[in-house]
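In what follows, a structure is listed as structure tokens, so that the remarks can point back to it.
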Amino acid sequence: MTGSEVPPSFRLVYVPGVMPDKWVRIWNERLPDVPLTLTQVSAGAAQGLLLGGDADAGLVRSPVDRTVFSAIPLYTERTVVVVPKDHLVTAADEVTLEDLADDIVLHPLDDVLDWEALPGRPALERPATTADAVELVAAGIGVLVVPLSLARLHHRKDLTHRPLAGAPESSVALAWPEDATTDRVEDFIGIVRGRTVNSTRGRRQQPAPEKPAPEKPRRTDRDGARRQQAAGRPAGGGRRRSAGGPAKNPRRGRPRRGS
């Protein structure tokens, strides 16, 4: 590579709340010559960027359009309600949807939860972003229901959160265009799944060359002697003794010389 050439990079988009720090560190250790370009985008824009070729893969929120994307589910987040620190629900370790019946529940336009029916009372207007909704919670306008990672991302000292039972949950997945599964994508899949550095699973492998058949060992005189002994013949080629017993002594039966 000459000094004017730029090494190929791997472009990864990720949505707010998702922290790919560990995977980025492992990538830099294993592939130091391939820069990893990170871009944070809104949850609604991530899949469009992938389809447009502006990124190689993305850490996105479900649902993922499986007709055009390949995807690997990573984890599902717990849902929490963000409230002022002096709110009544802070007395409980876990909140139910019924506990929010008298509260104004803010519903930002970039909400990532799939609600059938929002709990509580609706606000007059929907905030544009989750960050705007957090500001309204701090002003005492209402409460906000979000995945735990977004509550941590927008943490404020005057706010807190509690787990919300019965609320929909948000899942995070690694996604990439189905027709663009490159070796670099496979490298990142291996990191996310915890494969070792020497693992080649998922990569396109060249067929291994066929090994020649081993040569048959040559017969030796010793091998022939062993086969003869197994058949009951002496190794020296002599005849086998009769099965009727030992050979007779030729001197036995002759008359002795008289005196």
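By order in the structure tokens, chains are A, B, ...; within a chain, residues start at 1; ligands start at 1, following the order shown.
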
From the DSSP assignment of the backbone, select every residue of region 109-187 of chain A that is strand (DSSP E), and format the answer as a PyMOL selection string. chain A and resi 121-122+143-147+159-165+170-177

Would you list the contacts of region 54-59 of chain A as a PyMOL selection string, taking every protein, DNA or RNA residue within 10 Å and counting only C-alpha atoms, but skipping same-chain residues closer than 3 positions in sequence? chain A and resi 9-16+18-20+37-41+43+46-51+62+69-74+172-177+180-182+184-185+188-189

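The environment of region 136-153 of chain A within 6 Å, counting only C-alpha atoms and disregarding residues fewer than 2 places along the same chain, consists of Gly17, Glu77, Arg78, Thr79, Val80, Val81, Val82, Val83, Ile104, Val105, Leu106, Ala133, Val134 and His155 of chain A.
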
Leu97 (chain A) environment, 9 Å, only C-alpha atoms, sequence neighbours closer than 3 positions dropped, as a PyMOL selection string: chain A and resi 100-101+119-120+164-167

Would you output that residue set with all heavy atoms, as a CSV table (one decimal), in the first residue's frame?
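Generated file (again.csv):
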chain,number,residue,atom,x,y,z
A,100,LEU,N,-49.9,4.8,36.3
A,100,LEU,CA,-49.7,6.0,35.5
A,100,LEU,C,-51.1,6.6,35.0
A,100,LEU,O,-51.1,7.5,34.2
A,100,LEU,CB,-48.8,5.7,34.4
A,100,LEU,CG,-47.4,5.2,34.7
A,100,LEU,CD1,-46.6,4.9,33.4
A,100,LEU,CD2,-46.7,6.1,35.6
A,101,ALA,N,-52.2,6.0,35.5
A,101,ALA,CA,-53.5,6.4,34.9
A,101,ALA,C,-53.8,7.9,35.1
A,101,ALA,O,-54.4,8.5,34.2
A,101,ALA,CB,-54.6,5.6,35.7
A,119,PRO,N,-50.5,4.3,28.0
A,119,PRO,CA,-51.1,4.5,29.3
A,119,PRO,C,-51.3,5.9,29.7
A,119,PRO,O,-50.7,6.8,29.0
A,119,PRO,CB,-50.1,3.7,30.2
A,119,PRO,CG,-48.8,3.9,29.5
A,119,PRO,CD,-49.1,3.9,28.1
A,120,GLY,N,-52.0,6.2,30.7
A,120,GLY,CA,-52.2,7.5,31.3
A,120,GLY,C,-53.0,8.4,30.4
A,120,GLY,O,-53.8,8.0,29.5
A,164,LEU,N,-41.1,-0.6,34.4
A,164,LEU,CA,-42.6,-0.5,34.1
A,164,LEU,C,-43.1,-1.8,33.6
A,164,LEU,O,-42.7,-2.3,32.5
A,164,LEU,CB,-42.9,0.6,33.1
A,164,LEU,CG,-44.3,0.8,32.7
A,164,LEU,CD1,-45.1,1.2,34.0
A,164,LEU,CD2,-44.5,1.9,31.6
A,165,ALA,N,-43.8,-2.5,34.5
A,165,ALA,CA,-44.4,-3.8,34.1
A,165,ALA,C,-45.5,-3.7,33.1
A,165,ALA,O,-46.3,-2.8,33.2
A,165,ALA,CB,-44.8,-4.6,35.4
A,166,GLY,N,-45.6,-4.6,32.2
A,166,GLY,CA,-46.7,-4.6,31.2
A,166,GLY,C,-46.5,-3.8,30.0
A,166,GLY,O,-47.3,-3.7,29.1
A,167,ALA,N,-45.4,-3.0,29.9
A,167,ALA,CA,-45.1,-2.1,28.8
A,167,ALA,C,-44.4,-2.9,27.7
A,167,ALA,O,-43.7,-3.9,27.9
A,167,ALA,CB,-44.3,-1.0,29.2

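Here CA of Arg126 (chain A) is placed at a distance of 19.3 Å from CA of Pro84 (chain A).
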
Sorted by chain and rising residue number, list the residues of region 5-93 of chain A at most 8 Å from region 107-112 of chain A (counting only C-alpha atoms), each with its closest atom pair and distance in Å to one decimal, as a Markdown table.
| residue | atom | partner | partner_atom | distance |
| --- | --- | --- | --- | --- |
| A:Ser42 | CA | A:Asp110 | CA | 7.9 |
| A:Ala43 | CA | A:Val112 | CA | 7.3 |
| A:Gly44 | CA | A:Asp110 | CA | 7.3 |
| A:Arg61 | CA | A:Val112 | CA | 7.5 |

Just N, CA and C atoms for this one: save the residues we selected as a PDB file, in the first residue's frame.
ATOM      1  N   SER A  42     -30.613   8.457  14.072  1.00  0.00           N
ATOM      2  CA  SER A  42     -31.885   8.211  14.739  1.00  0.00           C
ATOM      3  C   SER A  42     -32.390   6.815  14.405  1.00  0.00           C
ATOM      4  N   ALA A  43     -33.225   6.274  15.275  1.00  0.00           N
ATOM      5  CA  ALA A  43     -33.736   4.919  15.059  1.00  0.00           C
ATOM      6  C   ALA A  43     -34.493   4.810  13.743  1.00  0.00           C
ATOM      7  N   GLY A  44     -35.175   5.879  13.353  1.00  0.00           N
ATOM      8  CA  GLY A  44     -35.951   5.828  12.120  1.00  0.00           C
ATOM      9  C   GLY A  44     -35.121   5.936  10.861  1.00  0.00           C
ATOM     10  N   ARG A  61     -32.778  -0.853  16.100  1.00  0.00           N
ATOM     11  CA  ARG A  61     -33.873  -1.339  16.931  1.00  0.00           C
ATOM     12  C   ARG A  61     -34.889  -2.081  16.067  1.00  0.00           C
TER      13      ARG A  61
END

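Between CA of Glu94 (chain A) and CA of Pro163 (chain A) there is a distance of 5.0 Å.
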